[in-house]
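Since the structure comes first, as structure tokens, the remarks are kept for the end.
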Amino acid sequence: MSGVAVTMRDLVVSYRAQEANEVPALRKVDFSVAPGEIVAIVGPSGCGKTTLLNVLAGFVPYAGEVVVGDRPPGGRRDIGYLFQRDTLLPWRSLLANVGFALEIRGVDGRRRREEATALLERLGLGGFADAYPHEVSGGMAKRVALAQALIHAPTLVLLDEPFGALDAFTRAAVEQDLLQLIEQYGSTALFVTHNLQEAIALSDRVIVMSARPGRIIGDHRIDLPRPRQVLDVQYTDGFARLEQEIWAELRDQVVAR
Amino acid sequence: MSRKALPAMRLAATRTLVYVALLAGWEALTRLGVIDVFFFPEPSKIAKALGDLIAKGDVLREAWITFVEMLVGLIAGSTAGIAAGLVLVRLPALERLAGPLVYFLYSLPRIALAPMFIVAFGLGIGSKIATVIFTVFFVLLINTVAGARSVSNDYVRGARALGATDSQVTWMVLVPGTLAWIFSALRLAVSLAFLSAVVAEFVGSTGGLGYRLQIAAVYFNTVEIFAWLFVLGVFAVLVNAFVGIFERRALRWRPESLR
């Protein structure tokens with residue numbers, strides 16, 4: 001399985017705050033993502049990054065043209081969406097949580113268990129299949145959430161600051177797991193983050209968005225070799241220069257004007 | 001024998017001793033004429049009356065009638081209440097429309113409709129079942145709606161992102177997420193069902209625990225009143241114990257503090 005191309009042309013999204021009072025969230029967003037590309041989106045908070053992902057997931061009405069693969073977003077079953085807050089269902093064991101996407105697709109119980117067990121083992125959680133979400137640590141829960149969002153080898157992976165709450169080491173480890181999975185699947189990935197280092201370490205491109213209403217003000221190619229080691233990549237040649245370059249653009253948007 | 005078993009046995013022994021002492025005290029006070037035996041008959045007489053009722057098969061027969069009324073009403077009323085709750089959750093417009101009516105009916109002392117059901121359905125078990133259904137239905141409905149609202153929107157979004165259809169969201173997210181609420185509502189509903197079955201039997205019936213209690217009261221037969229009260233108590237304890245087992249199994253996933 002491989003990734004899907006994403007194109008947005010003149011994308012505009014508004015929220016109706018009150019009657020007849022539209023607040024623009026995204027303004028004239030134009031960009032495309034090649035199949036299998038990993039793209040990070042950085043920008044000040046409230047700039048519409050999450051809205052952008054929600055458009056692609058088919059959650060939000062929009063104006064303009066958006067194409068995922070060969071059709072508009074919505075009604076797809078090949079998306080994996082990892083949210084900021086956990087979506088693990090507290091009444092399901094970790095195994096049943098990981099198998100959730102397969103259950104939705106009507107995969108039979110035995111194959112579901114096999115695949116979910118294999119993925120949990122791969123993520124180092126083999127011994128916790130029968131535990132419930134409230135019984136494991138934040139880092140473990142995040143790994144399970146990752147497995148839940150990716151078990152069906154999605155062609156488009158959306159990530160909305162999923163690792164914000166983790167400590168630096170756990171974070172790097174989970175990011176490594178993420179990279180391995182999406183590199184293996186060849187998924188296209190859009191990754192929203194506040195963290196510039198994370199953006200550079202994981203992606204092929206970093207897109208910089210302006211303060212609200214969000215539009216794209218920068219697009220940087222990250223030519224660091226793959227496969228990458230998340231913990232080491234920030235010490236490679238060129239990392240610091242990229243970081244400085246992008247920060248120079250982001251700074252004006254983040255710092256109060 | 002494990003180390004835990006000893007204190008447990010000691011507790012059981014102490015309890016038995018205390019209860020026997022209380023009964024003996026009661027018995028002694030009646031014999032000494034301190035307590036009026038018309039209002040508080042001798043425990044020995046109550047026990048004998050109870051024994052006679054059991055021997056004649058009355059206890060089982062009447063308990064069975066009440067049990068059937070309660071169980072049928074409970075199952076029908078709860079199923080309908082849960083289903084109606086889920087419908088209202090899925091159709092917010094309907095919920096806004098029906099909300100005040102539901103709240104009005106929920107706030108009524110619903111057992112007060114028992115006489116009306118007896119007029120409508122006669123003295124048999126039909127009117128008791130109707131009363132139970134009516135009292136139970138709204139408890140389940142209200143709790144199902146509240147429970148589904150309490151299911152985090154994050155779970156629903158997560159399921160949708162994975163491609164879940166509307167009915168999958170209902171059955172895989174809303175219903176299981178609401179189960180904790182449904183179970184606490186069911187607990188309440190079981191007591192309510194018992195209460196309304198017995199009270200409806202008071203109002204007018206031809207059998208059941210409430211009917212026999214009522215008859216005993218009409219004849220000022222306090223010995224038999226106490227005997228039937230004892231039967232009612234045992235009945236309720238058994239039902240609650242059964243619900244408890246069921247609940248602990250279904251809610252095993254919850255942190256202990258939230259069960």
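Ordering of the structure tokens sets the chain letters (A, B, ...); residue numbers start at 1 within each chain; ligands are numbered from 1 in the order shown.
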task: Do me a favour and pick out the residues of chain B within 10 Å of chain A, using only C-alpha atoms, as a PyMOL selection string.
output: chain B and resi 151-165+168-169+172-173+176-177+179-180+250-255
Put those residues in a file: C-alpha atoms, as a PDB file, in the first residue's frame.
ATOM      1  CA  VAL B 151     -19.251   9.985  26.349  1.00  0.00           C
ATOM      2  CA  SER B 152     -16.373  12.154  25.313  1.00  0.00           C
ATOM      3  CA  ASN B 153     -16.756  13.704  21.904  1.00  0.00           C
ATOM      4  CA  ASP B 154     -13.127  12.713  21.350  1.00  0.00           C
ATOM      5  CA  TYR B 155     -14.161   9.053  21.249  1.00  0.00           C
ATOM      6  CA  VAL B 156     -16.820   9.746  18.646  1.00  0.00           C
ATOM      7  CA  ARG B 157     -14.399  11.750  16.503  1.00  0.00           C
ATOM      8  CA  GLY B 158     -11.756   9.065  16.859  1.00  0.00           C
ATOM      9  CA  ALA B 159     -14.166   6.387  15.683  1.00  0.00           C
ATOM     10  CA  ARG B 160     -15.327   8.535  12.778  1.00  0.00           C
ATOM     11  CA  ALA B 161     -11.745   9.196  11.768  1.00  0.00           C
ATOM     12  CA  LEU B 162     -11.233   5.436  11.580  1.00  0.00           C
ATOM     13  CA  GLY B 163     -14.202   5.223   9.213  1.00  0.00           C
ATOM     14  CA  ALA B 164     -17.004   4.215  11.584  1.00  0.00           C
ATOM     15  CA  THR B 165     -20.541   4.583  10.254  1.00  0.00           C
ATOM     16  CA  GLN B 168     -21.069   1.705  14.381  1.00  0.00           C
ATOM     17  CA  VAL B 169     -20.590   4.892  16.398  1.00  0.00           C
ATOM     18  CA  MET B 172     -19.263   0.619  19.466  1.00  0.00           C
ATOM     19  CA  VAL B 173     -18.931   3.977  21.211  1.00  0.00           C
ATOM     20  CA  PRO B 176     -20.686   0.885  25.684  1.00  0.00           C
ATOM     21  CA  GLY B 177     -19.744   4.353  26.897  1.00  0.00           C
ATOM     22  CA  LEU B 179     -23.279   1.337  29.956  1.00  0.00           C
ATOM     23  CA  ALA B 180     -21.977   2.627  33.274  1.00  0.00           C
ATOM     24  CA  ALA B 250     -19.805  -5.578  33.100  1.00  0.00           C
ATOM     25  CA  LEU B 251     -17.808  -2.713  34.602  1.00  0.00           C
ATOM     26  CA  ARG B 252     -14.529  -4.520  35.184  1.00  0.00           C
ATOM     27  CA  TRP B 253     -12.726  -2.022  32.938  1.00  0.00           C
ATOM     28  CA  ARG B 254     -13.409   0.962  35.153  1.00  0.00           C
ATOM     29  CA  PRO B 255     -10.928   2.273  37.681  1.00  0.00           C
TER      30      PRO B 255
END
task: Would you kindly return, as a list in words, each protein, DNA or RNA residue with an atom no farther than 9 Å from any atom of region 197-205 of chain B, considering only C-alpha atoms and excluding same-chain residues fewer than 5 positions away?
output: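 Final neighbour list, sorted by chain and number: Thr66, Phe67, Glu69, Met70, Gly73, Ile111, Ala114, Pro115, Phe117, Ile118, Gly122, Leu123, Gly124, Ile125, Ser127, Lys128, Ile129, Thr131, Val132, Leu192, Gly210, Tyr211, Arg212, Leu213, Gln214 and Ile215 of chain B.
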Would you output that residue set with N, CA and C atoms, as a PDB file, in the first residue's frame?
ATOM      1  N   THR B  66     -45.170 -11.677  42.019  1.00  0.00           N
ATOM      2  CA  THR B  66     -44.512 -10.375  42.089  1.00  0.00           C
ATOM      3  C   THR B  66     -43.249 -10.356  41.216  1.00  0.00           C
ATOM      4  N   PHE B  67     -42.527 -11.478  41.250  1.00  0.00           N
ATOM      5  CA  PHE B  67     -41.288 -11.565  40.485  1.00  0.00           C
ATOM      6  C   PHE B  67     -41.562 -11.430  38.987  1.00  0.00           C
ATOM      7  N   GLU B  69     -44.175  -9.983  37.526  1.00  0.00           N
ATOM      8  CA  GLU B  69     -44.582  -8.603  37.231  1.00  0.00           C
ATOM      9  C   GLU B  69     -43.366  -7.697  37.124  1.00  0.00           C
ATOM     10  N   MET B  70     -42.488  -7.883  38.096  1.00  0.00           N
ATOM     11  CA  MET B  70     -41.320  -7.031  38.190  1.00  0.00           C
ATOM     12  C   MET B  70     -40.385  -7.273  37.005  1.00  0.00           C
ATOM     13  N   GLY B  73     -41.928  -6.279  33.538  1.00  0.00           N
ATOM     14  CA  GLY B  73     -41.992  -4.814  33.472  1.00  0.00           C
ATOM     15  C   GLY B  73     -40.613  -4.206  33.350  1.00  0.00           C
ATOM     16  N   ILE B 111     -45.751   6.295  40.332  1.00  0.00           N
ATOM     17  CA  ILE B 111     -46.528   5.214  40.941  1.00  0.00           C
ATOM     18  C   ILE B 111     -47.988   5.644  41.118  1.00  0.00           C
ATOM     19  N   ALA B 114     -50.722   4.083  39.086  1.00  0.00           N
ATOM     20  CA  ALA B 114     -51.119   2.677  39.263  1.00  0.00           C
ATOM     21  C   ALA B 114     -52.646   2.508  39.222  1.00  0.00           C
ATOM     22  N   PRO B 115     -53.429   3.343  39.946  1.00  0.00           N
ATOM     23  CA  PRO B 115     -54.891   3.159  39.896  1.00  0.00           C
ATOM     24  C   PRO B 115     -55.430   3.254  38.473  1.00  0.00           C
ATOM     25  N   PHE B 117     -53.855   2.483  35.698  1.00  0.00           N
ATOM     26  CA  PHE B 117     -53.527   1.269  34.957  1.00  0.00           C
ATOM     27  C   PHE B 117     -54.436   0.117  35.373  1.00  0.00           C
ATOM     28  N   ILE B 118     -54.836   0.113  36.647  1.00  0.00           N
ATOM     29  CA  ILE B 118     -55.717  -0.961  37.100  1.00  0.00           C
ATOM     30  C   ILE B 118     -57.110  -0.803  36.488  1.00  0.00           C
ATOM     31  N   GLY B 122     -57.267  -3.955  34.443  1.00  0.00           N
ATOM     32  CA  GLY B 122     -57.855  -4.943  35.336  1.00  0.00           C
ATOM     33  C   GLY B 122     -56.974  -5.315  36.511  1.00  0.00           C
ATOM     34  N   LEU B 123     -57.466  -6.289  37.297  1.00  0.00           N
ATOM     35  CA  LEU B 123     -56.808  -6.638  38.558  1.00  0.00           C
ATOM     36  C   LEU B 123     -55.633  -7.608  38.367  1.00  0.00           C
ATOM     37  N   GLY B 124     -55.497  -8.210  37.208  1.00  0.00           N
ATOM     38  CA  GLY B 124     -54.447  -9.205  36.978  1.00  0.00           C
ATOM     39  C   GLY B 124     -53.060  -8.606  36.896  1.00  0.00           C
ATOM     40  N   ILE B 125     -52.098  -9.418  36.424  1.00  0.00           N
ATOM     41  CA  ILE B 125     -50.717  -8.933  36.442  1.00  0.00           C
ATOM     42  C   ILE B 125     -50.457  -7.901  35.341  1.00  0.00           C
ATOM     43  N   SER B 127     -51.889  -5.055  34.673  1.00  0.00           N
ATOM     44  CA  SER B 127     -51.854  -3.677  35.173  1.00  0.00           C
ATOM     45  C   SER B 127     -50.588  -3.431  35.993  1.00  0.00           C
ATOM     46  N   LYS B 128     -50.072  -4.466  36.694  1.00  0.00           N
ATOM     47  CA  LYS B 128     -48.847  -4.318  37.487  1.00  0.00           C
ATOM     48  C   LYS B 128     -47.650  -4.135  36.557  1.00  0.00           C
ATOM     49  N   ILE B 129     -47.654  -4.953  35.490  1.00  0.00           N
ATOM     50  CA  ILE B 129     -46.557  -4.843  34.523  1.00  0.00           C
ATOM     51  C   ILE B 129     -46.558  -3.449  33.893  1.00  0.00           C
ATOM     52  N   THR B 131     -47.642  -0.697  35.198  1.00  0.00           N
ATOM     53  CA  THR B 131     -47.147   0.259  36.183  1.00  0.00           C
ATOM     54  C   THR B 131     -45.620   0.221  36.259  1.00  0.00           C
ATOM     55  N   VAL B 132     -45.075  -0.988  36.302  1.00  0.00           N
ATOM     56  CA  VAL B 132     -43.615  -1.126  36.383  1.00  0.00           C
ATOM     57  C   VAL B 132     -42.952  -0.535  35.139  1.00  0.00           C
ATOM     58  N   LEU B 192     -37.097   0.359  41.968  1.00  0.00           N
ATOM     59  CA  LEU B 192     -38.348   1.004  41.587  1.00  0.00           C
ATOM     60  C   LEU B 192     -39.375  -0.013  41.090  1.00  0.00           C
ATOM     61  N   GLY B 210     -47.496  -7.990  47.650  1.00  0.00           N
ATOM     62  CA  GLY B 210     -48.170  -6.775  48.102  1.00  0.00           C
ATOM     63  C   GLY B 210     -49.632  -7.063  48.430  1.00  0.00           C
ATOM     64  N   TYR B 211     -50.248  -7.932  47.636  1.00  0.00           N
ATOM     65  CA  TYR B 211     -51.646  -8.302  47.846  1.00  0.00           C
ATOM     66  C   TYR B 211     -51.798  -8.968  49.208  1.00  0.00           C
ATOM     67  N   ARG B 212     -50.909  -9.944  49.519  1.00  0.00           N
ATOM     68  CA  ARG B 212     -51.023 -10.665  50.781  1.00  0.00           C
ATOM     69  C   ARG B 212     -50.740  -9.766  51.974  1.00  0.00           C
ATOM     70  N   LEU B 213     -49.803  -8.847  51.790  1.00  0.00           N
ATOM     71  CA  LEU B 213     -49.493  -7.887  52.853  1.00  0.00           C
ATOM     72  C   LEU B 213     -50.721  -7.028  53.138  1.00  0.00           C
ATOM     73  N   GLN B 214     -51.348  -6.598  52.063  1.00  0.00           N
ATOM     74  CA  GLN B 214     -52.552  -5.779  52.160  1.00  0.00           C
ATOM     75  C   GLN B 214     -53.669  -6.529  52.876  1.00  0.00           C
ATOM     76  N   ILE B 215     -53.894  -7.789  52.494  1.00  0.00           N
ATOM     77  CA  ILE B 215     -54.940  -8.598  53.117  1.00  0.00           C
ATOM     78  C   ILE B 215     -54.662  -8.757  54.615  1.00  0.00           C
TER      79      ILE B 215
END
message: Applying 10 Å and only C-alpha atoms, which residues near Glu224 (chain B) remain after dropping the ones on its own chain fewer than 3 positions away? List them as a ChimeraX atom specification.
response: /B:41,45-50,53,212-213,215-217,219-221,227-230
message: I want to know what sits within 12 Å of Phe246 (chain B), based on only C-alpha atoms, with residues of the same chain fewer than 3 positions away left out; could you give that as an MDAnalysis selection string?
response: chainID B and resid 180 183:184 186:187 239:243 249:252
query: Looking only at the backbone, which of the residues in region 12-225 of chain A does DSSP tag as helix (DSSP H, G or I), as an MDAnalysis selection string?
result: chainID A and resid 49:57 94:98 100:104 109:122 126:128 133:135 138:150 168:185 196:202
Kindly export the residues of the current selection with C-alpha atoms, as a PDB file, in the first residue's frame.
ATOM      1  CA  LYS A  49      -3.558  23.964  11.585  1.00  0.00           C
ATOM      2  CA  THR A  50      -5.991  21.576  13.194  1.00  0.00           C
ATOM      3  CA  THR A  51      -8.782  22.878  10.971  1.00  0.00           C
ATOM      4  CA  LEU A  52      -6.679  21.957   7.969  1.00  0.00           C
ATOM      5  CA  LEU A  53      -6.419  18.359   9.171  1.00  0.00           C
ATOM      6  CA  ASN A  54     -10.137  18.275   9.953  1.00  0.00           C
ATOM      7  CA  VAL A  55     -10.909  19.382   6.401  1.00  0.00           C
ATOM      8  CA  LEU A  56      -8.861  16.463   5.069  1.00  0.00           C
ATOM      9  CA  ALA A  57     -10.618  14.061   7.455  1.00  0.00           C
ATOM     10  CA  LEU A  94      -5.433  -2.332  24.766  1.00  0.00           C
ATOM     11  CA  LEU A  95      -5.746  -5.219  22.323  1.00  0.00           C
ATOM     12  CA  ALA A  96      -9.381  -4.394  21.543  1.00  0.00           C
ATOM     13  CA  ASN A  97      -8.493  -0.726  21.188  1.00  0.00           C
ATOM     14  CA  VAL A  98      -5.790  -1.500  18.653  1.00  0.00           C
ATOM     15  CA  PHE A 100     -10.890  -1.165  16.664  1.00  0.00           C
ATOM     16  CA  ALA A 101     -10.245   0.021  13.092  1.00  0.00           C
ATOM     17  CA  LEU A 102     -10.301  -3.582  11.880  1.00  0.00           C
ATOM     18  CA  GLU A 103     -13.540  -4.237  13.736  1.00  0.00           C
ATOM     19  CA  ILE A 104     -15.061  -1.219  11.990  1.00  0.00           C
ATOM     20  CA  GLY A 109     -12.154 -11.625  15.499  1.00  0.00           C
ATOM     21  CA  ARG A 110      -9.272 -14.041  15.070  1.00  0.00           C
ATOM     22  CA  ARG A 111      -7.440 -12.044  12.437  1.00  0.00           C
ATOM     23  CA  ARG A 112      -8.135  -8.880  14.388  1.00  0.00           C
ATOM     24  CA  ARG A 113      -6.484 -10.343  17.466  1.00  0.00           C
ATOM     25  CA  GLU A 114      -3.529 -11.626  15.486  1.00  0.00           C
ATOM     26  CA  GLU A 115      -2.838  -8.322  13.783  1.00  0.00           C
ATOM     27  CA  ALA A 116      -3.375  -6.251  16.910  1.00  0.00           C
ATOM     28  CA  THR A 117      -1.148  -8.569  18.943  1.00  0.00           C
ATOM     29  CA  ALA A 118       1.598  -8.369  16.321  1.00  0.00           C
ATOM     30  CA  LEU A 119       1.495  -4.578  16.288  1.00  0.00           C
ATOM     31  CA  LEU A 120       1.455  -4.317  20.085  1.00  0.00           C
ATOM     32  CA  GLU A 121       4.452  -6.646  20.260  1.00  0.00           C
ATOM     33  CA  ARG A 122       6.278  -4.632  17.674  1.00  0.00           C
ATOM     34  CA  GLY A 126       3.154  -7.389  24.013  1.00  0.00           C
ATOM     35  CA  GLY A 127       2.665  -8.012  27.731  1.00  0.00           C
ATOM     36  CA  PHE A 128      -0.094  -5.434  28.103  1.00  0.00           C
ATOM     37  CA  PRO A 133      -6.072   2.232  29.208  1.00  0.00           C
ATOM     38  CA  HIS A 134      -6.290   3.596  32.753  1.00  0.00           C
ATOM     39  CA  GLU A 135      -3.766   1.005  33.883  1.00  0.00           C
ATOM     40  CA  GLY A 138       1.004   8.126  29.312  1.00  0.00           C
ATOM     41  CA  GLY A 139       3.797   7.043  26.977  1.00  0.00           C
ATOM     42  CA  MET A 140       2.383   3.545  26.656  1.00  0.00           C
ATOM     43  CA  ALA A 141      -1.113   4.880  26.048  1.00  0.00           C
ATOM     44  CA  LYS A 142       0.269   7.101  23.301  1.00  0.00           C
ATOM     45  CA  ARG A 143       1.923   4.106  21.635  1.00  0.00           C
ATOM     46  CA  VAL A 144      -1.367   2.253  21.785  1.00  0.00           C
ATOM     47  CA  ALA A 145      -3.131   5.267  20.281  1.00  0.00           C
ATOM     48  CA  LEU A 146      -0.534   5.214  17.510  1.00  0.00           C
ATOM     49  CA  ALA A 147      -1.230   1.540  16.888  1.00  0.00           C
ATOM     50  CA  GLN A 148      -4.983   2.219  16.934  1.00  0.00           C
ATOM     51  CA  ALA A 149      -4.641   4.962  14.323  1.00  0.00           C
ATOM     52  CA  LEU A 150      -2.261   3.041  12.044  1.00  0.00           C
ATOM     53  CA  ALA A 168      11.535  14.306  25.641  1.00  0.00           C
ATOM     54  CA  PHE A 169      12.854  10.724  25.620  1.00  0.00           C
ATOM     55  CA  THR A 170       9.491   8.991  25.453  1.00  0.00           C
ATOM     56  CA  ARG A 171       8.533  11.429  22.773  1.00  0.00           C
ATOM     57  CA  ALA A 172      11.573  10.617  20.629  1.00  0.00           C
ATOM     58  CA  ALA A 173      10.925   6.897  21.046  1.00  0.00           C
ATOM     59  CA  VAL A 174       7.277   7.151  20.026  1.00  0.00           C
ATOM     60  CA  GLU A 175       8.212   9.406  17.110  1.00  0.00           C
ATOM     61  CA  GLN A 176      10.648   6.744  15.977  1.00  0.00           C
ATOM     62  CA  ASP A 177       7.884   4.139  16.067  1.00  0.00           C
ATOM     63  CA  LEU A 178       5.664   6.470  14.065  1.00  0.00           C
ATOM     64  CA  LEU A 179       8.337   7.078  11.437  1.00  0.00           C
ATOM     65  CA  GLN A 180       9.004   3.383  11.012  1.00  0.00           C
ATOM     66  CA  LEU A 181       5.332   2.586  10.527  1.00  0.00           C
ATOM     67  CA  ILE A 182       4.562   5.312   8.015  1.00  0.00           C
ATOM     68  CA  GLU A 183       7.811   4.696   6.126  1.00  0.00           C
ATOM     69  CA  GLN A 184       6.896   1.028   5.917  1.00  0.00           C
ATOM     70  CA  TYR A 185       3.333   1.725   4.740  1.00  0.00           C
ATOM     71  CA  LEU A 196      10.198  23.041  15.217  1.00  0.00           C
ATOM     72  CA  GLN A 197      12.782  20.362  15.951  1.00  0.00           C
ATOM     73  CA  GLU A 198      10.144  17.673  15.804  1.00  0.00           C
ATOM     74  CA  ALA A 199       8.861  19.098  12.517  1.00  0.00           C
ATOM     75  CA  ILE A 200      12.299  18.984  10.907  1.00  0.00           C
ATOM     76  CA  ALA A 201      13.317  15.638  12.370  1.00  0.00           C
ATOM     77  CA  LEU A 202      10.269  13.794  11.035  1.00  0.00           C
TER      78      LEU A 202
END
query: Which one is closest to Gly77 (chain B): B:Ile133, B:Val234, B:Ile142, B:Leu60? Count only C-alpha atoms.
result: B:Ile133
